[in-house]
$ cat start_37.txt   # compact mmCIF, C-alpha atoms and all ligand atoms
# COMPACT_ATOMS: atom_id res chain seq x y z
CA MET A 1 -96.77 -72.89 -259.49
CA SER A 2 -93.04 -72.34 -259.65
CA VAL A 3 -91.66 -68.84 -259.43
CA GLU A 4 -90.42 -69.16 -262.99
CA THR A 5 -93.81 -70.23 -264.37
CA LYS A 6 -95.55 -67.47 -262.43
CA SER A 7 -93.31 -64.79 -263.78
CA LYS A 8 -93.66 -66.19 -267.30
CA SER A 9 -97.45 -66.01 -267.20
CA ALA A 10 -97.32 -62.49 -265.76
CA ALA A 11 -95.01 -61.46 -268.58
CA ALA A 12 -97.38 -62.98 -271.14
CA LYS A 13 -99.99 -60.33 -270.30
CA LYS A 14 -97.50 -57.57 -271.01
CA ALA A 15 -96.14 -56.29 -274.29
CA VAL A 16 -93.67 -58.99 -275.28
CA THR A 17 -91.49 -58.78 -278.35
CA HIS A 18 -92.18 -61.35 -281.01
CA PRO A 19 -88.94 -63.27 -281.71
CA ASN A 20 -89.20 -62.45 -285.41
CA THR A 21 -89.43 -58.71 -284.86
CA TRP A 22 -86.94 -56.70 -286.86
CA VAL A 23 -84.42 -54.82 -284.72
CA PHE A 24 -81.52 -52.54 -285.52
CA TYR A 25 -78.41 -53.81 -283.75
CA ASN A 26 -74.82 -52.60 -284.14
CA GLY A 27 -75.27 -51.18 -287.58
CA GLU A 28 -77.55 -53.80 -289.15
CA PHE A 29 -81.15 -54.82 -289.26
CA GLY A 30 -81.74 -58.33 -287.95
CA ARG A 31 -84.28 -60.47 -286.15
CA TYR A 32 -84.77 -60.16 -282.40
CA HIS A 33 -84.13 -63.87 -281.80
CA ASP A 34 -80.81 -63.78 -283.67
CA ILE A 35 -79.26 -61.24 -281.30
CA LYS A 36 -77.05 -62.73 -278.60
CA LEU A 37 -75.86 -60.79 -275.57
CA GLY A 38 -73.04 -62.16 -273.43
CA LEU A 39 -73.65 -62.89 -269.76
CA MET A 40 -70.76 -60.64 -268.84
CA THR A 41 -72.14 -57.61 -270.69
CA HIS A 42 -70.99 -54.63 -268.60
CA ALA A 43 -74.29 -52.73 -268.71
CA LEU A 44 -76.21 -55.74 -267.46
CA HIS A 45 -74.15 -55.78 -264.28
CA TYR A 46 -73.45 -52.10 -263.68
CA GLY A 47 -76.34 -50.20 -265.31
CA THR A 48 -73.93 -48.49 -267.71
CA GLY A 49 -76.33 -47.69 -270.50
CA CYS A 50 -78.58 -44.87 -271.57
CA PHE A 51 -81.78 -45.17 -273.49
CA GLU A 52 -84.92 -43.57 -274.82
CA GLY A 53 -88.59 -44.36 -275.05
CA ILE A 54 -90.38 -42.99 -278.11
CA ARG A 55 -93.95 -43.56 -279.20
CA ALA A 56 -95.49 -43.92 -282.60
CA TYR A 57 -99.27 -43.54 -282.81
CA TRP A 58 -101.41 -45.44 -285.26
CA ASN A 59 -104.16 -43.45 -286.95
CA GLU A 60 -106.74 -45.99 -288.09
CA LYS A 61 -108.67 -43.50 -290.21
CA HIS A 62 -105.63 -42.41 -292.21
CA GLU A 63 -103.91 -45.81 -291.98
CA GLN A 64 -100.81 -43.97 -290.89
CA LEU A 65 -98.28 -44.43 -288.11
CA HIS A 66 -97.05 -41.15 -286.60
CA LEU A 67 -93.62 -41.14 -284.96
CA LEU A 68 -93.74 -38.61 -282.13
CA HIS A 69 -90.92 -36.16 -281.52
CA ALA A 70 -88.15 -38.59 -282.35
CA PRO A 71 -85.48 -35.86 -282.89
CA ALA A 72 -85.99 -34.52 -279.35
CA HIS A 73 -85.58 -38.00 -277.89
CA TYR A 74 -82.39 -38.63 -279.85
CA GLU A 75 -81.01 -35.27 -278.77
CA ARG A 76 -81.66 -36.27 -275.16
CA LEU A 77 -79.93 -39.60 -275.80
CA ARG A 78 -76.89 -37.65 -276.96
CA ARG A 79 -76.91 -35.60 -273.76
CA SER A 80 -77.33 -38.70 -271.60
CA ALA A 81 -74.48 -40.35 -273.50
CA ASN A 82 -72.22 -37.37 -272.93
CA ILE A 83 -72.74 -37.66 -269.18
CA MET A 84 -71.99 -41.38 -269.41
CA ARG A 85 -68.80 -40.83 -271.49
CA MET A 86 -70.36 -42.46 -274.52
CA THR A 87 -70.88 -41.29 -278.09
CA VAL A 88 -74.05 -41.90 -280.03
CA PRO A 89 -72.78 -43.45 -283.26
CA TYR A 90 -75.23 -41.68 -285.62
CA SER A 91 -76.55 -38.20 -286.29
CA THR A 92 -80.05 -37.39 -285.11
CA GLU A 93 -81.27 -37.40 -288.69
CA GLU A 94 -79.77 -40.84 -289.27
CA LEU A 95 -81.37 -42.14 -286.07
CA VAL A 96 -84.78 -40.84 -287.06
CA ASN A 97 -84.43 -42.42 -290.50
CA LEU A 98 -83.32 -45.73 -288.97
CA THR A 99 -86.34 -45.65 -286.68
CA VAL A 100 -88.75 -45.00 -289.53
CA ASP A 101 -87.08 -47.81 -291.47
CA LEU A 102 -87.43 -50.17 -288.52
CA LEU A 103 -91.11 -49.38 -288.06
CA ARG A 104 -91.73 -49.91 -291.78
CA ARG A 105 -89.94 -53.24 -291.80
CA ASN A 106 -92.12 -54.42 -288.95
CA GLN A 107 -95.25 -53.19 -290.72
CA PHE A 108 -96.78 -52.09 -287.42
CA LYS A 109 -100.45 -51.14 -287.57
CA SER A 110 -100.99 -50.24 -283.91
CA ASP A 111 -99.51 -47.87 -281.34
CA VAL A 112 -95.84 -48.69 -280.90
CA TYR A 113 -93.12 -48.04 -278.35
CA VAL A 114 -89.58 -47.60 -279.65
CA ARG A 115 -86.62 -48.33 -277.41
CA PRO A 116 -83.14 -47.18 -278.49
CA LEU A 117 -80.36 -48.21 -276.10
CA LEU A 118 -76.67 -47.37 -276.06
CA TYR A 119 -74.74 -49.47 -273.58
CA ALA A 120 -71.35 -50.67 -272.41
CA SER A 121 -71.02 -54.01 -274.15
CA SER A 122 -67.51 -55.02 -273.01
CA GLU A 123 -67.66 -58.41 -271.36
CA GLU A 124 -65.49 -57.85 -268.36
CA ILE A 125 -65.54 -57.24 -264.63
CA GLY A 126 -64.70 -53.74 -263.40
CA VAL A 127 -66.92 -50.75 -262.60
CA ARG A 128 -65.98 -47.74 -264.70
CA LEU A 129 -67.02 -45.67 -267.69
CA HIS A 130 -63.68 -45.40 -269.50
CA ASN A 131 -62.08 -47.91 -271.86
CA LEU A 132 -65.26 -49.80 -272.66
CA ASN A 133 -66.82 -50.90 -275.92
CA HIS A 134 -70.31 -49.69 -276.66
CA SER A 135 -73.20 -51.18 -278.59
CA PHE A 136 -76.36 -49.60 -279.85
CA PHE A 137 -79.72 -51.02 -280.75
CA ILE A 138 -83.26 -49.93 -281.49
CA TYR A 139 -86.22 -52.19 -281.07
CA ALA A 140 -89.91 -51.49 -281.26
CA ILE A 141 -92.95 -53.19 -279.83
CA PRO A 142 -96.74 -52.74 -280.05
CA PHE A 143 -97.74 -50.89 -276.91
CA GLY A 144 -100.96 -49.66 -275.34
CA ASN A 145 -101.37 -47.60 -272.19
CA TYR A 146 -98.56 -47.75 -269.64
CA VAL A 147 -100.77 -46.42 -266.85
CA GLU A 148 -104.50 -45.77 -266.70
CA ILE A 149 -105.42 -42.54 -268.50
CA GLU A 150 -109.20 -42.40 -268.37
CA SER A 151 -110.62 -42.69 -264.88
CA GLY A 152 -107.60 -41.29 -263.05
CA ILE A 153 -104.93 -42.90 -260.88
CA LYS A 154 -104.21 -43.02 -257.16
CA CYS A 155 -100.67 -42.20 -256.13
CA MET A 156 -98.57 -42.47 -253.00
CA VAL A 157 -95.62 -40.32 -252.09
CA SER A 158 -92.82 -42.82 -252.13
CA THR A 159 -90.60 -43.50 -249.15
CA TRP A 160 -87.79 -43.72 -251.73
CA ARG A 161 -86.15 -40.47 -252.81
CA ARG A 162 -85.21 -39.46 -256.34
CA VAL A 163 -81.57 -39.95 -257.26
CA PRO A 164 -79.85 -36.58 -256.74
CA ASP A 165 -77.75 -34.96 -259.46
CA GLN A 166 -74.79 -35.23 -257.08
CA SER A 167 -75.04 -39.05 -257.17
CA LEU A 168 -76.74 -40.23 -260.34
CA PRO A 169 -77.97 -37.48 -262.65
CA ALA A 170 -81.70 -37.90 -263.20
CA ARG A 171 -81.61 -35.67 -266.28
CA ALA A 172 -79.73 -38.46 -268.02
CA LYS A 173 -81.86 -41.46 -268.88
CA ILE A 174 -79.42 -43.99 -267.47
CA THR A 175 -80.44 -47.64 -267.23
CA GLY A 176 -78.98 -47.96 -263.71
CA SER A 177 -81.18 -45.15 -262.35
CA TYR A 178 -84.26 -47.17 -263.12
CA ALA A 179 -83.59 -49.43 -260.15
CA GLN A 180 -84.70 -46.41 -258.08
CA SER A 181 -87.84 -46.04 -260.20
CA ALA A 182 -88.54 -49.76 -259.80
CA LEU A 183 -88.23 -49.55 -256.00
CA ALA A 184 -90.74 -46.70 -255.93
CA LYS A 185 -93.18 -48.21 -258.43
CA SER A 186 -93.35 -51.62 -256.78
CA GLU A 187 -93.68 -50.12 -253.33
CA ALA A 188 -96.68 -48.10 -254.56
CA VAL A 189 -98.37 -50.89 -256.50
CA GLU A 190 -97.86 -53.46 -253.75
CA ALA A 191 -99.38 -50.99 -251.27
CA GLY A 192 -102.52 -50.75 -253.46
CA PHE A 193 -101.74 -47.51 -255.36
CA ASP A 194 -101.31 -47.11 -259.09
CA GLU A 195 -98.15 -45.06 -259.17
CA ALA A 196 -95.47 -43.44 -257.02
CA ILE A 197 -94.62 -39.76 -256.72
CA VAL A 198 -91.03 -39.34 -255.65
CA LEU A 199 -89.50 -36.49 -253.64
CA THR A 200 -86.01 -35.08 -253.96
CA VAL A 201 -83.56 -35.76 -251.15
CA ASP A 202 -84.42 -32.32 -249.72
CA GLY A 203 -88.13 -33.13 -249.74
CA HIS A 204 -89.52 -31.36 -252.80
CA VAL A 205 -91.74 -33.09 -255.31
CA SER A 206 -89.62 -34.38 -258.17
CA GLU A 207 -91.68 -36.63 -260.45
CA GLY A 208 -93.45 -39.97 -260.85
CA SER A 209 -91.53 -43.24 -261.19
CA ALA A 210 -91.41 -42.70 -264.96
CA GLU A 211 -93.38 -39.49 -265.51
CA ASN A 212 -93.13 -35.75 -265.01
CA LEU A 213 -95.76 -33.96 -262.98
CA PHE A 214 -97.95 -30.88 -263.34
CA MET A 215 -100.42 -29.48 -260.83
CA LEU A 216 -103.05 -26.82 -261.34
CA LYS A 217 -103.31 -24.44 -258.43
CA ASP A 218 -105.29 -21.19 -258.37
CA GLY A 219 -105.57 -21.18 -262.16
CA VAL A 220 -101.83 -21.63 -262.83
CA PHE A 221 -100.06 -24.83 -263.86
CA VAL A 222 -96.96 -25.58 -261.82
CA THR A 223 -94.27 -28.14 -262.60
CA PRO A 224 -91.02 -28.91 -260.74
CA PRO A 225 -87.94 -27.27 -262.30
CA VAL A 226 -85.24 -29.23 -264.11
CA THR A 227 -83.02 -28.63 -261.07
CA ASP A 228 -85.28 -30.80 -258.87
CA ASP A 229 -83.81 -34.07 -260.14
CA ILE A 230 -86.33 -34.74 -262.89
CA LEU A 231 -85.80 -36.31 -266.26
CA GLU A 232 -86.21 -33.38 -268.62
CA GLY A 233 -89.24 -34.87 -270.31
CA VAL A 234 -90.08 -34.43 -273.96
CA THR A 235 -93.80 -34.69 -273.10
CA ARG A 236 -93.33 -32.10 -270.35
CA THR A 237 -92.14 -29.59 -272.96
CA LEU A 238 -95.06 -30.41 -275.26
CA ILE A 239 -97.56 -30.01 -272.45
CA MET A 240 -96.11 -26.68 -271.39
CA ARG A 241 -96.79 -25.48 -274.91
CA LEU A 242 -100.36 -26.81 -274.93
CA ILE A 243 -101.09 -25.20 -271.58
CA LYS A 244 -99.88 -21.82 -272.78
CA GLU A 245 -101.15 -21.86 -276.36
CA ASP A 246 -104.32 -23.93 -276.19
CA LEU A 247 -105.56 -23.48 -272.62
CA GLY A 248 -104.29 -19.89 -272.44
CA LYS A 249 -102.93 -20.53 -268.95
CA ASP A 250 -99.59 -19.79 -267.34
CA VAL A 251 -97.05 -22.47 -266.48
CA VAL A 252 -94.58 -21.88 -263.69
CA GLU A 253 -91.51 -24.01 -263.07
CA ARG A 254 -90.85 -23.98 -259.34
CA SER A 255 -90.19 -26.33 -256.47
CA VAL A 256 -93.33 -27.99 -255.14
CA ASP A 257 -93.94 -29.05 -251.54
CA ARG A 258 -95.45 -32.44 -250.76
CA THR A 259 -98.59 -30.97 -249.19
CA GLU A 260 -99.29 -28.89 -252.29
CA LEU A 261 -100.20 -32.21 -253.88
CA TYR A 262 -102.97 -32.50 -251.29
CA THR A 263 -104.25 -28.97 -251.81
CA CYS A 264 -104.03 -28.38 -255.56
CA ASP A 265 -107.05 -28.38 -257.88
CA GLU A 266 -105.78 -30.80 -260.53
CA LEU A 267 -102.78 -33.06 -260.86
CA LEU A 268 -101.41 -35.04 -263.78
CA LEU A 269 -98.46 -37.22 -264.65
CA CYS A 270 -97.06 -37.17 -268.16
CA GLY A 271 -94.50 -38.97 -270.23
CA THR A 272 -94.04 -40.88 -273.44
CA GLY A 273 -95.23 -44.07 -271.78
CA ALA A 274 -97.77 -42.53 -269.40
CA GLN A 275 -99.06 -39.99 -271.96
CA ILE A 276 -101.32 -37.78 -269.81
CA SER A 277 -102.55 -39.56 -266.73
CA PRO A 278 -104.91 -37.68 -264.39
CA VAL A 279 -104.16 -38.16 -260.69
CA ILE A 280 -107.33 -38.22 -258.58
CA GLU A 281 -105.87 -39.16 -255.21
CA VAL A 282 -102.55 -38.75 -253.39
CA ASP A 283 -101.84 -40.52 -250.10
CA HIS A 284 -105.59 -41.23 -249.67
CA ARG A 285 -106.48 -37.54 -250.10
CA PRO A 286 -108.70 -36.60 -253.06
CA VAL A 287 -107.13 -34.18 -255.52
CA GLY A 288 -109.58 -31.34 -256.15
CA SER A 289 -113.02 -32.88 -256.65
CA GLY A 290 -111.50 -36.39 -256.63
CA LYS A 291 -112.46 -36.75 -260.29
CA VAL A 292 -110.53 -36.21 -263.50
CA GLY A 293 -109.93 -32.45 -263.74
CA GLU A 294 -111.57 -30.35 -266.42
CA PHE A 295 -108.30 -28.88 -267.73
CA THR A 296 -106.49 -32.21 -267.58
CA GLN A 297 -109.27 -33.69 -269.69
CA GLU A 298 -108.97 -30.84 -272.17
CA LEU A 299 -105.20 -31.30 -272.35
CA GLN A 300 -105.71 -34.99 -273.08
CA ASN A 301 -108.11 -34.21 -275.92
CA ILE A 302 -105.68 -31.77 -277.53
CA TYR A 303 -102.68 -34.05 -276.93
CA PHE A 304 -104.22 -37.16 -278.46
CA GLY A 305 -105.40 -35.22 -281.50
CA ALA A 306 -101.88 -33.86 -282.00
CA VAL A 307 -99.99 -37.15 -281.55
CA ARG A 308 -102.23 -38.98 -284.01
CA GLY A 309 -101.49 -36.31 -286.61
CA GLU A 310 -105.00 -34.82 -286.54
CA THR A 311 -104.09 -31.24 -285.63
CA PRO A 312 -102.69 -29.10 -288.49
CA LYS A 313 -101.02 -26.74 -285.99
CA TYR A 314 -99.00 -29.61 -284.51
CA LYS A 315 -98.26 -31.48 -287.74
CA ASP A 316 -94.54 -30.96 -287.13
CA TRP A 317 -94.75 -33.02 -283.90
CA THR A 318 -94.87 -36.24 -285.85
CA ILE A 319 -93.21 -37.96 -288.79
CA PRO A 320 -95.40 -40.22 -290.94
CA VAL A 321 -93.91 -43.70 -291.17
CA TYR A 322 -95.79 -44.94 -294.27
C1 LIG B 1 -88.13 -40.86 -264.71
C2 LIG B 1 -88.89 -40.30 -265.87
N1 LIG B 1 -89.38 -39.06 -265.78
C3 LIG B 1 -90.07 -38.51 -266.78
C4 LIG B 1 -90.34 -39.21 -267.94
C5 LIG B 1 -91.07 -38.56 -269.06
O1 LIG B 1 -90.18 -38.26 -270.10
P1 LIG B 1 -90.63 -38.21 -271.61
O2 LIG B 1 -91.79 -37.30 -271.67
O3 LIG B 1 -89.46 -37.68 -272.34
O4 LIG B 1 -90.98 -39.58 -272.00
C6 LIG B 1 -89.88 -40.52 -268.06
C7 LIG B 1 -90.16 -41.29 -269.27
O5 LIG B 1 -89.33 -41.64 -270.00
C8 LIG B 1 -89.13 -41.08 -267.00
O6 LIG B 1 -88.65 -42.32 -267.09
$ encode --input "start_37.txt" --output "structure tokens"
Amino acid sequence: MSVETKSKSAAAKKAVTHPNTWVFYNGEFGRYHDIKLGLMTHALHYGTGCFEGIRAYWNEKHEQLHLLHAPAHYERLRRSANIMRMTVPYSTEELVNLTVDLLRRNQFKSDVYVRPLLYASSEEIGVRLHNLNHSFFIYAIPFGNYVEIESGIKCMVSTWRRVPDQSLPARAKITGSYAQSALAKSEAVEAGFDEAIVLTVDGHVSEGSAENLFMLKDGVFVTPPVTDDILEGVTRTLIMRLIKEDLGKDVVERSVDRTELYTCDELLLCGTGAQISPVIEVDHRPVGSGKVGEFTQELQNIYFGAVRGETPKYKDWTIPVY
């Protein structure tokens, strides 16, 4: 089998956009297959783009699609753009409305992942941020679980380090930074693990390849601070609230040592894609009992109720699409 055929069949198992999908591109709605990007597109060569990942959850019972925390994602896009010397061309309210419009046009009746991307679209050679044209699109795609969320995942501490703020700010969701995430993820998966946990350059736990991290230790949830080169996750903020309000436990933001991962009672990764993924093993050492933790399980139950619009208290987390 040729390399090309192999990669095509691997891609077929993944979420692949249908060519007729509606997308929003440079101010208009159009079909995915009608969009043409030039080979010289700056962002394709130099990683000069910033993006978001937003979920919408289908509630079968209510026949409703719930768009989760879209304003927070678009606010983060604005902050990422500011770091990258770009301007998001719409207000947050306009972006949320465009997203709802896009989901409606596509008539999705399943869980969906929404991907807005603002990028340097000038077709020229030359690494820089200034004097470039920018383009913006939003597309959406039916999407299931990004990582396993039921029986727990096995992680390795990556040999790759998280990009430091001094080099490539991790708090901005910059396309180019994801080469680092890809190095870590593939190293972990090809070594037989499910996911990578990445340390900062100075050796503290930062986050997963595309997830934030919480551990439970002596009855307190601990998560690395925003100054340990993490993406300031939207899900992380939601989970901090659930831990405090629903589990009645404390959450502490502090630096975490690698070996605390081996000695904590529960560990989880979280993110828009990952949702809440229990970690049951790190570097071949069982986490706690080696099974999905009791509090992690409880968090999952509360989280999935909230994101599917089932929990009156968290109604304001989501926007109904239909
Ligand atoms: C590197 C990284 N960290 C953390 C997260 C979690 O962020 P959020 O909860 O906003 O999706 C993501 C997901 O986008 C990510 O890519």
$ residues_around --input "start_37.txt" --residues "segment 216-227 of chain A" --least-positions-apart "3" --cutoff "8 Å" --atoms "all atoms listed in the file" --output "list in words"
Arg171, Val205, Ser206, Glu207, Leu213, Ile230, Leu231, Glu232, Ile243, Lys249, Asp250, Val251, Val252, Glu253, Arg254, Ser255, Val256, Cys264, Asp265, Glu266 and Leu267 of chain A
$ closest_residue --input "start_37.txt" --among "A:Asn20, A:Ser177, A:Asn59, A:Ser186" --to "ligand LIG 1 (chain B)" --atoms "all atoms listed in the file"
A:Ser177
$ residues_around --input "start_37.txt" --residues "Thr272 of chain A" --least-positions-apart "4" --cutoff "8 Å" --atoms "only C-alpha atoms" --output "list of chain:residue names"
A:Gly53, A:Ile54, A:Arg55, A:Val234, A:Thr235
$ residues_near_ligand --input "start_37.txt" --ligand "ligand LIG 1 (chain B)" --cutoff "10 Å" --atoms "only C-alpha atoms and all ligand atoms" --output "mmCIF file with C-alpha atoms, keeping the file's coordinate frame"
data_model
loop_
_atom_site.group_PDB
_atom_site.id
_atom_site.type_symbol
_atom_site.label_atom_id
_atom_site.label_comp_id
_atom_site.auth_asym_id
_atom_site.auth_seq_id
_atom_site.Cartn_x
_atom_site.Cartn_y
_atom_site.Cartn_z
ATOM 1 C CA PHE A 51 -81.780 -45.170 -273.490
ATOM 2 C CA GLU A 52 -84.920 -43.570 -274.820
ATOM 3 C CA GLY A 53 -88.590 -44.360 -275.050
ATOM 4 C CA ILE A 54 -90.380 -42.990 -278.110
ATOM 5 C CA ARG A 55 -93.950 -43.560 -279.200
ATOM 6 C CA HIS A 69 -90.920 -36.160 -281.520
ATOM 7 C CA ALA A 72 -85.990 -34.520 -279.350
ATOM 8 C CA HIS A 73 -85.580 -38.000 -277.890
ATOM 9 C CA ARG A 76 -81.660 -36.270 -275.160
ATOM 10 C CA ARG A 162 -85.210 -39.460 -256.340
ATOM 11 C CA VAL A 163 -81.570 -39.950 -257.260
ATOM 12 C CA ALA A 170 -81.700 -37.900 -263.200
ATOM 13 C CA ARG A 171 -81.610 -35.670 -266.280
ATOM 14 C CA ALA A 172 -79.730 -38.460 -268.020
ATOM 15 C CA LYS A 173 -81.860 -41.460 -268.880
ATOM 16 C CA ILE A 174 -79.420 -43.990 -267.470
ATOM 17 C CA THR A 175 -80.440 -47.640 -267.230
ATOM 18 C CA SER A 177 -81.180 -45.150 -262.350
ATOM 19 C CA TYR A 178 -84.260 -47.170 -263.120
ATOM 20 C CA GLN A 180 -84.700 -46.410 -258.080
ATOM 21 C CA SER A 181 -87.840 -46.040 -260.200
ATOM 22 C CA VAL A 198 -91.030 -39.340 -255.650
ATOM 23 C CA SER A 206 -89.620 -34.380 -258.170
ATOM 24 C CA GLU A 207 -91.680 -36.630 -260.450
ATOM 25 C CA GLY A 208 -93.450 -39.970 -260.850
ATOM 26 C CA SER A 209 -91.530 -43.240 -261.190
ATOM 27 C CA ALA A 210 -91.410 -42.700 -264.960
ATOM 28 C CA GLU A 211 -93.380 -39.490 -265.510
ATOM 29 C CA ASN A 212 -93.130 -35.750 -265.010
ATOM 30 C CA LEU A 213 -95.760 -33.960 -262.980
ATOM 31 C CA ASP A 229 -83.810 -34.070 -260.140
ATOM 32 C CA ILE A 230 -86.330 -34.740 -262.890
ATOM 33 C CA LEU A 231 -85.800 -36.310 -266.260
ATOM 34 C CA GLU A 232 -86.210 -33.380 -268.620
ATOM 35 C CA GLY A 233 -89.240 -34.870 -270.310
ATOM 36 C CA VAL A 234 -90.080 -34.430 -273.960
ATOM 37 C CA THR A 235 -93.800 -34.690 -273.100
ATOM 38 C CA ARG A 236 -93.330 -32.100 -270.350
ATOM 39 C CA THR A 237 -92.140 -29.590 -272.960
ATOM 40 C CA LEU A 238 -95.060 -30.410 -275.260
ATOM 41 C CA ILE A 239 -97.560 -30.010 -272.450
ATOM 42 C CA LEU A 269 -98.460 -37.220 -264.650
ATOM 43 C CA CYS A 270 -97.060 -37.170 -268.160
ATOM 44 C CA GLY A 271 -94.500 -38.970 -270.230
ATOM 45 C CA THR A 272 -94.040 -40.880 -273.440
ATOM 46 C CA GLY A 273 -95.230 -44.070 -271.780
ATOM 47 C CA ALA A 274 -97.770 -42.530 -269.400
ATOM 48 C CA GLN A 275 -99.060 -39.990 -271.960
ATOM 49 C CA ILE A 276 -101.320 -37.780 -269.810
#
$ residues_around --input "start_37.txt" --residues "segment 28-42 of chain A" --least-positions-apart "4" --cutoff "8 Å" --atoms "all atoms listed in the file" --output "PyMOL selection string"
chain A and resi 17-24+46-48+102+120-125
$ atom_distance --input "start_37.txt" --atom1 "atom CA of Glu195 of chain A" --atom2 "atom CA of Phe304 of chain A"
21.7 Å
$ atom_distance --input "start_37.txt" --atom1 "atom CA of Leu118 of chain A" --atom2 "atom CA of Asp165 of chain A"
20.8 Å
$ residues_around --input "start_37.txt" --residues "segment 278-287 of chain A" --least-positions-apart "5" --cutoff "6 Å" --atoms "all atoms listed in the file" --output "list in words"
Gly152, Ile153, Lys154, Cys155, Met156, Leu267, Leu268 and Val292 of chain A
$ closest_residue --input "start_37.txt" --among "A:Gly290, A:Phe295, A:Gly248, A:Ala179" --to "Met215 of chain A" --atoms "only C-alpha atoms"
A:Phe295
$ residues_around --input "start_37.txt" --residues "segment 308-319 of chain A" --least-positions-apart "6" --cutoff "12 Å" --atoms "only C-alpha atoms" --output "JSON, numbers by chain"
{"A": [54, 55, 56, 57, 58, 59, 60, 61, 62, 63, 64, 65, 66, 67, 68, 69, 70, 71, 72, 93, 96, 97, 99, 100, 101, 103, 110, 111, 234, 235, 237, 238, 241, 242, 245, 246, 301, 302]}
$ closest_residue --input "start_37.txt" --among "A:Arg104, A:Lys109, A:His45, A:Arg128" --to "Met84 of chain A" --atoms "all atoms listed in the file"
A:Arg128
$ atom_distance --input "start_37.txt" --atom1 "atom CA of Lys291 of chain A" --atom2 "atom CA of Tyr113 of chain A"
28.8 Å
